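This report refers to the structure that appears directly beneath it.
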Amino acid sequence: MSDKVTSVKKKDMTKVVGRPDSMNDTQFSYCPGCHHGIINRLIGEAIDELGIQEETIGTAPVGCSVFLYKWFDIDVVQPPHGRVSAVATGIKRAKPKKTVFAYQGDGDFASIGTNNSVHAANRGENITVFFINNTLYGMTGGEMAPTTLIGQKTTTTPGGRKAKDFGYPIKMSEMLARLDGPTYITRQAVYDVPRIKSAKRAIVKGFKNQIEEKGYSLIEILSACPINWGLDPVEAVERIKSEVETVYPLGDIIDRG
Amino acid sequence: MSDKVTSVKKKDMTKVVGRPDSMNDTQFSYCPGCHHGIINRLIGEAIDELGIQEETIGTAPVGCSVFLYKWFDIDVVQPPHGRVSAVATGIKRAKPKKTVFAYQGDGDFASIGTNNSVHAANRGENITVFFINNTLYGMTGGEMAPTTLIGQKTTTTPGGRKAKDFGYPIKMSEMLARLDGPTYITRQAVYDVPRIKSAKRAIVKGFKNQIEEKGYSLIEILSACPINWGLDPVEAVERIKSEVETVYPLGDIIDRG
Amino acid sequence: MLRGQVDVDSERCKGCGLCIDACPKDVLDFSGDFNSDGYNYVEFANPEECVGCGFCGMVCPDMALTVYSFEEEEVS
Amino acid sequence: MLRGQVDVDSERCKGCGLCIDACPKDVLDFSGDFNSDGYNYVEFANPEECVGCGFCGMVCPDMALTVYSFEEEEVS
Amino acid sequence: MREYSTVISGFGGQGVILAGKILARTGMERGLEVTWLPSYGPEMRGGTANCTAIISSKLIGSPIVDSPSALIAMNPPSLDKFETRVQENGLIVVNSSLVDEPKGRDNIKVVNVPLNEIAKEIGNQKVINMVALGAWAKFVEEISLQDVIKGMEMTLTDMGKERFIGSNREALEKGFGHAE
Amino acid sequence: MREYSTVISGFGGQGVILAGKILARTGMERGLEVTWLPSYGPEMRGGTANCTAIISSKLIGSPIVDSPSALIAMNPPSLDKFETRVQENGLIVVNSSLVDEPKGRDNIKVVNVPLNEIAKEIGNQKVINMVALGAWAKFVEEISLQDVIKGMEMTLTDMGKERFIGSNREALEKGFGHAE
Amino acid sequence: MVDKQLMRGNEAIAESAIRAGCRNYFAYPITPQAELLQWMAVHMPEAEGGTFLQAESEIGAINMVYGAASAGERTMTSSSSPGVSLKQEGISYLAGADLPAVVVNIMRGGPGLGNIQPAQGDYFQATKGGGHGDYRIITLAPSTVPEASRLTYDAFDLADAYRTPVMILADGMIGQMMEPVELPERKPPEEIPPKPWATTGAKGREGNVIKSFALGGENLKAMNVARFERYEKIEEKEVRYEEVNTDNPDIILAAFGTVARIVKSTIRLAEEEGLEIGLFRPVTVWPFPAARLNELSAEVDTVLTVEMNAGQMVEDVKLAVRPETETPFYGEVGGVVPTPGNILEEVKKYV
Amino acid sequence: MVDKQLMRGNEAIAESAIRAGCRNYFAYPITPQAELLQWMAVHMPEAEGGTFLQAESEIGAINMVYGAASAGERTMTSSSSPGVSLKQEGISYLAGADLPAVVVNIMRGGPGLGNIQPAQGDYFQATKGGGHGDYRIITLAPSTVPEASRLTYDAFDLADAYRTPVMILADGMIGQMMEPVELPERKPPEEIPPKPWATTGAKGREGNVIKSFALGGENLKAMNVARFERYEKIEEKEVRYEEVNTDNPDIILAAFGTVARIVKSTIRLAEEEGLEIGLFRPVTVWPFPAARLNELSAEVDTVLTVEMNAGQMVEDVKLAVRPETETPFYGEVGGVVPTPGNILEEVKKYV
Ligand SMILES: Cc1ncc(C[n+]2csc(CCOP(=O)(O)OP(=O)(O)O)c2C)c(N)n1
Ligand SMILES: Cc1ncc(C[n+]2csc(CCOP(=O)(O)OP(=O)(O)O)c2C)c(N)n1
Ligand code: SF4
Ligand code: SF4
Ligand code: SF4
Ligand code: SF4
């Protein structure tokens, strides 16, 4: 720990940013520069702010965030790959008074889990879903996801994704917005401070909607996976701005709260 | 067989409507007044018209149309419930020159099979999909489908479907239209002659798109299930007009051919 | 004038009545008889009225009807 | 004037450099040292410049930074 | 009562399933062991449905039987399918409105009842199943018409269909009366 | 050649996996039996990765071993994890740029090589793995430096990375030269 | 006279689950268990806090069960053969996460779409683990509707006691048939054991975690070993079986579920011919009542296994009996139900 | 020197499939078989008419296989334990529709999410039928990378010859490790048998139908019986196994796959101590080489089964050996790999 400035006592200082109370000291297992960590912290901050640490049950997927249970001091259920929305539905139906969130990667939410994702949305299930779109499969080694951009090289699209063979980057949020079930669908990013603040507001809103029994909220968040993109973390931020965001524009898609 | 008019020889007559050549004599197992039969015949007529009987491979679901293989003189694959689009994908990838169609009920296409349906559409798979929307599960005894209307009584929504518990009638066609993959998506009905003619044109177009390698076509067709609706066949037609059609409006949704 | 003939395959007919409803000329009616599946099948009740439009055959879900059209003068 | 202090948990830092990039005042820099996971962690290189905006902490994916703000006059 | 098994068979709409349930209920209310098993599945659509009800004073093993004690055949395919299986000295109730008199076997009691006509008299085609049960009751020693009426009443009451009890009783009685 | 097993262990970016593959390829090109097995999975992320390469003139049974013949420890956790497991009279190549000299055991040949510094000399941090392999080759009787160079060349060629052969050869040679 | 109701097996199972305190039911329709959903659709919402949800798929259903069970609630799903195959990943996860839940399989003819006739072709799947990895689930095989009711009621207690999924393994015959049933009383909520491990919100305690995951072999091994210790307890304490006429029979028939009740008719037929048949009916097919069958096998030359499949339980029979016992097999496949007469004929080959 | 390549098991399986004429590969990523997809992604499109498609899910993949196999093409999917559980309905359908296809399972620790270490916990699932209904699939268990290559190549021929799915049952160790492999030659297309039953468009013939469905018990029974007749042929003709040191050993170890190769190291360790261990390694775990094991068991007192699971193949061993043979078991679970030393210790308990 750096201690160059010693003349000010900590108690005179205001903590501007640090570890949320609902999270603990265990180190993330994410790669350097991975945005999952930022998003995790924002969720922790939101839980703190809303004072729902003891009321919250999280479910996190198989994927790089499989260890979420280690980092949060809340109840966590670790479901099968792709089934997070279904498991969250089960928890919520059993405990309708608790706050239930589903944390899902794009492979999880938009590929293997599409069926469960679509129908939780269509039912207007009163849960909060975080959908982390890093345009590929992180954990398993950088394979194509349905969200992969056209031309993007992944380990299963070595020549770049071709629409003819593998279809198009799937816009889950826009697609689900076409259903009558969802209350709030937004796409956010966390690559800089304004985006982080906006994402935080969206996360808080997603939880509030649930607490106020307004129904299904989906917060899609564009996320960097530097290691599998083959970019350093700062370049990865640039890629989101220049490429990913043009296919997946940021902003609220529906807000029927 | 009626033979009241005997004075005209059959050969002097023009056949206006009858059994298509691509279909055989075996009787349908559908209930009286079920529209599946009309739709089956229209597909047979389209196959005849396009001269593709020997080039066509059909896949029909588990559901009331499970016996489709008995009625058509073409190659047919009978897949697991919900997997028709995935199986059709497999056939088409193996035999890209052949014409492959998927025939699916709403339980099949829009509930258990949603994942496979969405991703075949998103890949723009070069197949023709018929999606028969009768607002419930026919074969298994009239249970709710995701397409069931609000307030509709089914054996699993004895008090009528409530959005709060079971969500909303799912508009698959509109939802899939939001994807970049599909070429042609339309919603048709077959409850009267003009609708039947329109549906027939849509079916022919769906096949043509495939033959011309234009990609994925989805022809949703509103269909009556008198027995499970608890209506006689003529009343069932009325229900489509007055209720079903208002939730699921007819017409082309996208046409990117 | 264009006239028509409807052949009813009474064993295929399930008595749903859709053809009766669709016919603009009230040509078809229930026969009152039951086929071996127990259905009250339809019959070509008013052949003189039939204009061979084929509507009945188009709406029949069971391909029980074959509809022909012909020129009236050929009728004896 | 508002000033800031950044505590770096060098064992948590993975040397991704996002904080360095985010800092409007060039306060942070790689330390050149490696932590026990082999990462070149950052250090609070130019404390005098820090305005306590917290940007670095906000972009840090590993909660390696705790940022405090305080009034300048308190600095000795 | 020795194990007494009845197969009831007919078209989808002829009330076969309900008739079987009422038989089972009748036995149960008499304090006997009963089982009831329907045929089920897509073959029901438009085709012929059947069910088997067994009544016995002893524990019932198999709920299906190779050779039923009785057959109620409400349509022609039902007679074709089950006639030869009925036990020797068994009973066949035939819907003579639709089915020709069986002549295949002579070691069997055949009761011809014009179910449809009788139901027409009562003014409700839906009760043909009860007409048949009434006839059946006449020839089954251990079960009285009153037993069946009670079984019918309790079944319809549980289904919330008390309003149909009258016509169904009439049908049972007419069937019983007509049978010989 | 008796079964000779080498565990190579280090941080994710230190080229552990490739070094192991090159060892296996070296054995294969010598006409020997070889196996190579990586540790795999999420624990790799940022943590320590390792792999085991075995070379033998006889068929190899298990591709993992309780006690390897040699350890190449490129970072401190690697030494901690594997030091005690190395066979008696075995070999440990230690990256002295990052790791303190092991003192736990005395029945083992320890070779300290400042991998990072040597790589810096060569001007490419990525070749620290080859420096280590060079040192290793010096103490493995049956495998010559030339063998390893050949294994490296063939591996990089198959990967389409011929352009790195020069610096990697230099690293192997330097490692070999430095070791004692 | 006791208060009996005439119910289908599917209905009796559904109602008994509600009475056992099940308050979360998730399922997808399939013949021949559709009436189970239909009953739940009507009656679950009438139960205090009861959830009936028709899931989008069998996979959705089993994972909703995973969620509700994680939250500590008594929960159930039901299906028939193809649908149960789809649940295998989920069942493996339930077992791996030590979650109590009840899964009903009303078996039909297979493989594939097969047909909807009664069959017992999923015995292997249920007892040897159709899912991946090492696990077992308590599997109860009723042979009558009243027994289906009782076993369902007990299943929830067993599931909670051992933190394991429990399967009701019945077939289309039991699901579809009606018999008089004396339903169990509603279980008072206070008799349902508390679940301090459940994820109900970490109020006043550390966060609970439900997972089947462990990094590294040794950690996962420890979880497995602990589970297998529970399995040993189950094998010790929870074995159930029925014996009929096993005093001094000429032959013993081993059969479960529907086939066992048909064998009871065969026994009577045989008696008329002076032949004494004994019946050994496992009620728990896992844990299989091997010890008792071993004892019994000393009394006879032959234990004939009869199943509505191509020979599945017969392997457990062979593993259980004495070395000198003959263990022939008679089975019908594809949804064919053997008649009492069929079975008697088979018996005569061996006595 | 023969032309060998140093390849991972996953890569060798992928490449051998292509050389066997596989032209349709559908799969979903999962550790530890991700390299199989990655190889196919690069090399399948290079093969004439080759399709590589990453499916939306394992269920999508197995059903794409169902489609492509229906069309008469050689086709494959691969996955690891949880993903293979998801394929069980599809596998049951493939078996029920008599479709040839190859399914690769690179097993990992279970149940549930478990971990990604090598394990053998899916033996039951593979050999007894993880799906519903009565069926079997030929299951080949390689123990080295070269053998994984050869067996994959053969799997396609077996699948076509018997119209059945064939499974390659390996584990993370075999999938991840590299060994030198001598790849098979590409199979000339004319050596692949024609499939007149395939749905390729009904040109000049009646329509073909692919289905696993039959209305009514007797029809489905007939389909089942015909299939079981094929299974009998397979059991007669296709049994494969390896024996090491079985001439006059002190004990025989039964092990498959990875464990068997570790036992080979144990054999050497034991020799140093003057102990003679024999190894019996089933290569086809279904059909299990019961007859040969029965013969061998006459030579020893004890057949010790060693597996990376809680005891699965040991049941088949028990069913195979002579009544007097002792059949102890040693297993490691949860992804723990036993070492040659561990096994030797265990052996010493019995000799
Ligand atoms: C049934 C099943 N299929 C596949 C896997 C392997 N798997 C683990 S995580 C994952 C996808 C990871 O990608 P994503 O969901 O986008 O999350 P990320 O790791 O990128 O955060 C896959 C395919 C699994 N564990 N289970
Ligand atoms: C895996 C699986 N789940 C469930 C079923 C049972 N099932 C058969 S058809 C069907 C749904 C029928 O409804 P739909 O698809 O709308 O077609 P319809 O019969 O109305 O034409 C269901 C649930 C099955 N066969 N397989
Ligand atoms: S693989 Fe990608 S998503 Fe996963 S932790 Fe690393 S950077 Fe993050
Ligand atoms: S149940 Fe409905 S959909 Fe099925 S055949 Fe009958 S009317 Fe048609
Ligand atoms: S529409 Fe067809 S089935 Fe219906 S009554 Fe007319 S002829 Fe008969
Ligand atoms: S953002 Fe965090 S992890 Fe990255 S370099 Fe800065 S302090 Fe280290």
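By order of appearance in the structure tokens: chains A, B, ..., then residues from 1 within every chain, and ligands from 1 in the order shown.
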
Worksheet item: Quick one: residues within 10 Å of ligand 5, with only C-alpha atoms and all ligand atoms, as number ranges by chain?
Response: B: 31-34, 37-38, 233-234; C: 6-23, 28-31, 39-44, 55-66

Discussion item. Can you work out which residues are within 7 Å of ligand 4, considering only C-alpha atoms and all ligand atoms, and then hand them over as an MDAnalysis selection string?
Written reply: (chainID B and resid 29:36 64 134 138:139 224:228) or (chainID E and resid 45)

Discussion item. As a quick test: using only C-alpha atoms and all ligand atoms, which residues lie no more than 9 Å away from ligand 2? Give them as JSON, numbers by chain.
Written reply: {"B": [36, 61, 62, 63, 64, 65, 66, 80, 81, 82, 104, 105, 106, 107, 108, 109, 110, 111, 112, 132, 133, 134, 135, 136, 137, 138, 139, 140, 141, 142, 143, 144, 145, 147, 223, 225], "G": [28, 29, 30, 31, 32, 34, 57, 58, 79, 80, 81, 82, 83, 84, 85, 86, 113, 115, 116], "H": [89]}

Could you write out chain D as a CSV table (one decimal) with N, CA and C atoms, in the first residue's frame once it has been least-squares superposed on chain C using every ordered C-alpha pair?
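As written to disk, superposed.csv reads:
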```csv
chain,number,residue,atom,x,y,z
D,1,MET,N,-72.5,-21.0,-69.1
D,1,MET,CA,-72.3,-20.6,-67.7
D,1,MET,C,-71.5,-21.7,-67.0
D,2,LEU,N,-70.6,-21.3,-66.1
D,2,LEU,CA,-69.8,-22.3,-65.5
D,2,LEU,C,-70.5,-23.0,-64.4
D,3,ARG,N,-70.4,-24.3,-64.4
D,3,ARG,CA,-71.1,-25.1,-63.4
D,3,ARG,C,-70.1,-25.9,-62.7
D,4,GLY,N,-70.5,-26.6,-61.6
D,4,GLY,CA,-69.5,-27.4,-60.9
D,4,GLY,C,-70.0,-28.7,-60.3
D,5,GLN,N,-69.1,-29.5,-60.0
D,5,GLN,CA,-69.5,-30.8,-59.3
D,5,GLN,C,-68.5,-31.0,-58.2
D,6,VAL,N,-69.1,-31.5,-57.1
D,6,VAL,CA,-68.3,-31.7,-55.9
D,6,VAL,C,-68.4,-33.2,-55.6
D,7,ASP,N,-67.3,-33.9,-55.6
D,7,ASP,CA,-67.3,-35.3,-55.2
D,7,ASP,C,-67.0,-35.3,-53.7
D,8,VAL,N,-67.8,-35.9,-52.9
D,8,VAL,CA,-67.6,-36.0,-51.5
D,8,VAL,C,-67.1,-37.4,-51.1
D,9,ASP,N,-65.9,-37.4,-50.5
D,9,ASP,CA,-65.4,-38.7,-50.0
D,9,ASP,C,-65.9,-38.8,-48.6
D,10,SER,N,-67.1,-39.5,-48.5
D,10,SER,CA,-67.8,-39.5,-47.3
D,10,SER,C,-67.0,-40.2,-46.1
D,11,GLU,N,-66.1,-41.1,-46.5
D,11,GLU,CA,-65.3,-41.7,-45.4
D,11,GLU,C,-64.2,-40.7,-44.9
D,12,ARG,N,-63.8,-39.8,-45.7
D,12,ARG,CA,-62.8,-38.8,-45.2
D,12,ARG,C,-63.5,-37.6,-44.5
D,13,CYS,N,-64.7,-37.3,-44.8
D,13,CYS,CA,-65.4,-36.2,-44.2
D,13,CYS,C,-65.6,-36.4,-42.7
D,14,LYS,N,-65.3,-35.3,-42.0
D,14,LYS,CA,-65.5,-35.4,-40.5
D,14,LYS,C,-66.6,-34.5,-40.0
D,15,GLY,N,-67.4,-34.1,-41.0
D,15,GLY,CA,-68.6,-33.3,-40.6
D,15,GLY,C,-68.4,-32.0,-39.9
D,16,CYS,N,-67.3,-31.4,-40.2
D,16,CYS,CA,-67.0,-30.1,-39.5
D,16,CYS,C,-67.9,-29.0,-39.9
D,17,GLY,N,-68.4,-29.1,-41.1
D,17,GLY,CA,-69.3,-28.1,-41.6
D,17,GLY,C,-68.7,-26.8,-42.2
D,18,LEU,N,-67.4,-26.8,-42.2
D,18,LEU,CA,-66.7,-25.6,-42.8
D,18,LEU,C,-67.1,-25.4,-44.3
D,19,CYS,N,-67.3,-26.5,-45.0
D,19,CYS,CA,-67.6,-26.3,-46.4
D,19,CYS,C,-69.0,-25.7,-46.6
D,20,ILE,N,-69.9,-26.2,-45.7
D,20,ILE,CA,-71.3,-25.7,-45.8
D,20,ILE,C,-71.3,-24.2,-45.6
D,21,ASP,N,-70.5,-23.8,-44.6
D,21,ASP,CA,-70.4,-22.4,-44.3
D,21,ASP,C,-69.8,-21.6,-45.4
D,22,ALA,N,-68.8,-22.2,-46.1
D,22,ALA,CA,-68.1,-21.5,-47.1
D,22,ALA,C,-68.8,-21.4,-48.4
D,23,CYS,N,-69.7,-22.3,-48.7
D,23,CYS,CA,-70.3,-22.3,-50.0
D,23,CYS,C,-71.2,-21.1,-50.2
D,24,PRO,N,-71.0,-20.3,-51.2
D,24,PRO,CA,-71.9,-19.1,-51.5
D,24,PRO,C,-73.3,-19.5,-52.0
D,25,LYS,N,-73.5,-20.7,-52.3
D,25,LYS,CA,-74.7,-21.1,-53.0
D,25,LYS,C,-75.5,-22.2,-52.2
D,26,ASP,N,-75.1,-22.4,-51.0
D,26,ASP,CA,-75.8,-23.4,-50.2
D,26,ASP,C,-76.0,-24.8,-50.9
D,27,VAL,N,-74.9,-25.2,-51.5
D,27,VAL,CA,-74.9,-26.4,-52.2
D,27,VAL,C,-74.8,-27.7,-51.4
D,28,LEU,N,-74.0,-27.5,-50.3
D,28,LEU,CA,-73.7,-28.7,-49.5
D,28,LEU,C,-74.6,-28.7,-48.2
D,29,ASP,N,-74.8,-29.9,-47.7
D,29,ASP,CA,-75.5,-30.0,-46.5
D,29,ASP,C,-75.1,-31.3,-45.8
D,30,PHE,N,-75.3,-31.4,-44.5
D,30,PHE,CA,-75.1,-32.7,-43.8
D,30,PHE,C,-76.0,-33.7,-44.3
D,31,SER,N,-75.5,-34.9,-44.4
D,31,SER,CA,-76.2,-36.0,-45.0
D,31,SER,C,-77.2,-36.6,-44.0
D,32,GLY,N,-76.9,-36.5,-42.7
D,32,GLY,CA,-77.7,-37.2,-41.7
D,32,GLY,C,-77.3,-38.6,-41.5
D,33,ASP,N,-76.4,-39.1,-42.4
D,33,ASP,CA,-75.8,-40.4,-42.2
D,33,ASP,C,-74.5,-40.3,-41.5
D,34,PHE,N,-74.1,-41.4,-41.0
D,34,PHE,CA,-72.8,-41.5,-40.3
D,34,PHE,C,-71.8,-42.4,-41.0
D,35,ASN,N,-70.6,-41.9,-41.1
D,35,ASN,CA,-69.6,-42.8,-41.8
D,35,ASN,C,-69.0,-43.8,-40.7
D,36,SER,N,-68.1,-44.6,-41.1
D,36,SER,CA,-67.6,-45.6,-40.2
D,36,SER,C,-66.8,-45.0,-39.0
D,37,ASP,N,-66.5,-43.7,-39.1
D,37,ASP,CA,-65.9,-43.1,-37.9
D,37,ASP,C,-66.9,-42.4,-37.1
D,38,GLY,N,-68.2,-42.5,-37.5
D,38,GLY,CA,-69.2,-41.9,-36.7
D,38,GLY,C,-69.5,-40.5,-37.0
D,39,TYR,N,-68.9,-40.0,-38.1
D,39,TYR,CA,-69.2,-38.6,-38.5
D,39,TYR,C,-70.4,-38.4,-39.4
D,40,ASN,N,-71.1,-37.4,-39.2
D,40,ASN,CA,-72.3,-37.0,-40.0
D,40,ASN,C,-71.7,-36.3,-41.2
D,41,TYR,N,-71.5,-37.0,-42.3
D,41,TYR,CA,-70.7,-36.4,-43.4
D,41,TYR,C,-71.7,-35.6,-44.3
D,42,VAL,N,-71.0,-34.7,-45.1
D,42,VAL,CA,-71.9,-33.8,-45.9
D,42,VAL,C,-72.2,-34.5,-47.3
D,43,GLU,N,-73.2,-34.0,-47.9
D,43,GLU,CA,-73.5,-34.5,-49.2
D,43,GLU,C,-73.7,-33.3,-50.2
D,44,PHE,N,-73.5,-33.6,-51.5
D,44,PHE,CA,-73.7,-32.6,-52.5
D,44,PHE,C,-75.2,-32.4,-52.8
D,45,ALA,N,-75.8,-31.6,-51.9
D,45,ALA,CA,-77.2,-31.6,-51.8
D,45,ALA,C,-78.0,-30.9,-52.9
D,46,ASN,N,-77.4,-29.8,-53.4
D,46,ASN,CA,-78.1,-29.0,-54.4
D,46,ASN,C,-77.1,-28.8,-55.6
D,47,PRO,N,-76.9,-29.9,-56.4
D,47,PRO,CA,-75.9,-29.9,-57.4
D,47,PRO,C,-76.2,-28.8,-58.5
D,48,GLU,N,-77.5,-28.5,-58.7
D,48,GLU,CA,-77.8,-27.6,-59.7
D,48,GLU,C,-77.3,-26.2,-59.4
D,49,GLU,N,-77.2,-25.9,-58.1
D,49,GLU,CA,-76.7,-24.6,-57.7
D,49,GLU,C,-75.2,-24.4,-57.8
D,50,CYS,N,-74.5,-25.5,-57.9
D,50,CYS,CA,-73.0,-25.4,-57.8
D,50,CYS,C,-72.4,-24.6,-58.9
D,51,VAL,N,-71.6,-23.6,-58.6
D,51,VAL,CA,-70.9,-22.9,-59.7
D,51,VAL,C,-69.5,-23.3,-59.9
D,52,GLY,N,-69.1,-24.3,-59.1
D,52,GLY,CA,-67.7,-24.8,-59.3
D,52,GLY,C,-66.6,-23.8,-58.8
D,53,CYS,N,-67.0,-23.0,-57.9
D,53,CYS,CA,-66.0,-22.0,-57.4
D,53,CYS,C,-64.9,-22.7,-56.6
D,54,GLY,N,-65.2,-23.8,-56.0
D,54,GLY,CA,-64.1,-24.6,-55.3
D,54,GLY,C,-63.9,-24.1,-53.8
D,55,PHE,N,-64.7,-23.1,-53.4
D,55,PHE,CA,-64.6,-22.6,-52.1
D,55,PHE,C,-64.6,-23.7,-51.0
D,56,CYS,N,-65.6,-24.6,-51.2
D,56,CYS,CA,-65.8,-25.7,-50.2
D,56,CYS,C,-64.5,-26.6,-50.1
D,57,GLY,N,-64.0,-26.9,-51.3
D,57,GLY,CA,-62.8,-27.7,-51.3
D,57,GLY,C,-61.6,-27.0,-50.7
D,58,MET,N,-61.6,-25.7,-50.9
D,58,MET,CA,-60.4,-25.0,-50.3
D,58,MET,C,-60.5,-24.9,-48.8
D,59,VAL,N,-61.6,-24.8,-48.2
D,59,VAL,CA,-61.7,-24.7,-46.8
D,59,VAL,C,-61.7,-26.1,-46.1
D,60,CYS,N,-62.0,-27.1,-46.9
D,60,CYS,CA,-62.1,-28.5,-46.3
D,60,CYS,C,-60.8,-28.9,-45.7
D,61,PRO,N,-60.7,-29.1,-44.4
D,61,PRO,CA,-59.4,-29.5,-43.8
D,61,PRO,C,-59.0,-30.9,-44.1
D,62,ASP,N,-60.0,-31.7,-44.6
D,62,ASP,CA,-59.7,-33.1,-44.7
D,62,ASP,C,-59.6,-33.6,-46.1
D,63,MET,N,-59.5,-32.8,-47.1
D,63,MET,CA,-59.4,-33.1,-48.5
D,63,MET,C,-60.5,-34.2,-48.8
D,64,ALA,N,-61.6,-33.9,-48.3
D,64,ALA,CA,-62.8,-34.8,-48.5
D,64,ALA,C,-63.5,-34.4,-49.8
D,65,LEU,N,-63.2,-33.3,-50.3
D,65,LEU,CA,-64.0,-32.8,-51.4
D,65,LEU,C,-63.1,-32.6,-52.6
D,66,THR,N,-63.5,-33.1,-53.8
D,66,THR,CA,-62.8,-32.8,-55.0
D,66,THR,C,-63.8,-32.0,-55.8
D,67,VAL,N,-63.4,-30.9,-56.3
D,67,VAL,CA,-64.4,-30.0,-57.0
D,67,VAL,C,-63.9,-29.9,-58.4
D,68,TYR,N,-64.9,-30.0,-59.3
D,68,TYR,CA,-64.7,-29.9,-60.7
D,68,TYR,C,-65.5,-28.8,-61.3
D,69,SER,N,-65.1,-28.1,-62.3
D,69,SER,CA,-66.0,-27.2,-63.0
D,69,SER,C,-66.1,-27.6,-64.5
D,70,PHE,N,-67.2,-27.1,-65.1
D,70,PHE,CA,-67.4,-27.5,-66.5
D,70,PHE,C,-68.4,-26.5,-67.0
D,71,GLU,N,-68.6,-26.5,-68.3
D,71,GLU,CA,-69.5,-25.6,-69.0
D,71,GLU,C,-70.9,-26.1,-68.9
D,72,GLU,N,-71.9,-25.3,-68.7
D,72,GLU,CA,-73.3,-25.8,-68.4
D,72,GLU,C,-73.8,-26.6,-69.6
D,73,GLU,N,-73.6,-26.1,-70.8
D,73,GLU,CA,-74.2,-26.8,-72.0
D,73,GLU,C,-74.0,-28.3,-72.0
D,74,GLU,N,-72.9,-28.7,-71.4
D,74,GLU,CA,-72.6,-30.1,-71.4
D,74,GLU,C,-73.6,-31.0,-70.6
D,75,VAL,N,-74.3,-30.3,-69.7
D,75,VAL,CA,-75.2,-31.1,-68.8
D,75,VAL,C,-76.4,-31.6,-69.6
D,76,SER,N,-76.7,-32.8,-69.5
D,76,SER,CA,-77.8,-33.3,-70.2
D,76,SER,C,-79.2,-32.9,-69.6
```

Discussion item. Can you tell me which residues surround range 241-251 of chain B at a distance of at most 6 Å, considering only C-alpha atoms, apart from same-chain residues fewer than 6 positions away, and format the answer as a PyMOL selection string?
Written reply: chain B and resi 186-188

Discussion item. Can you pull out the residues contacting Tyr153 in chain H? Cut-off 8 Å, using only C-alpha atoms, and skip same-chain residues under 2 positions away; I want them as a PyMOL selection string.
Written reply: chain H and resi 16-17+19-20+149-151+155-157+184

Item to complete: Tell me which protein, DNA and RNA residues are within 8 Å of range 155-162 of chain A, counting only C-alpha atoms, leaving out same-chain ones fewer than 4 positions away, and put them as a list in words.
Response: Gly141, Gly142, Glu143, Met144, Thr148, Leu149, Ile150, Gly151, Phe166 and Gly167 of chain A; Leu37, Gln38, Ala41, Val42 and Gln54 of chain H

Item to complete: Per DSSP on the backbone, filter chain D down to the residues in strand (DSSP E or B) and report them as a ChimeraX atom specification.
Response: /D:2-8,28-34,40-44,65-71

Discussion item. Just want the 9 Å neighbourhood of range 61-70 of chain F, counted on only C-alpha atoms, with same-chain residues fewer than 5 positions away dropped. Output as a PyMOL selection string.
Written reply: (chain F and resi 3-8+34-37+52-54+82+84-93+136) or (chain H and resi 173+177+258-266+337+339-341)

Discussion item. As a ChimeraX atom specification, please: every residue in range 29-67 of chain B that a backbone DSSP assignment puts in alpha helix (DSSP H).
Written reply: /B:36-50

Discussion item. Contacts from chain G to chain A, 9 Å maximum, only C-alpha atoms: show me the residue list as JSON, numbers by chain.
Written reply: {"G": [23, 24, 26, 49, 50, 51, 53, 55, 56, 57, 59, 60, 61, 62, 63, 64, 65, 66, 67, 68, 69, 70, 71, 72, 73, 89, 90, 93, 97, 198, 199, 200, 201, 202, 203, 204, 205, 206, 207, 208, 209, 210, 211, 212, 213]}
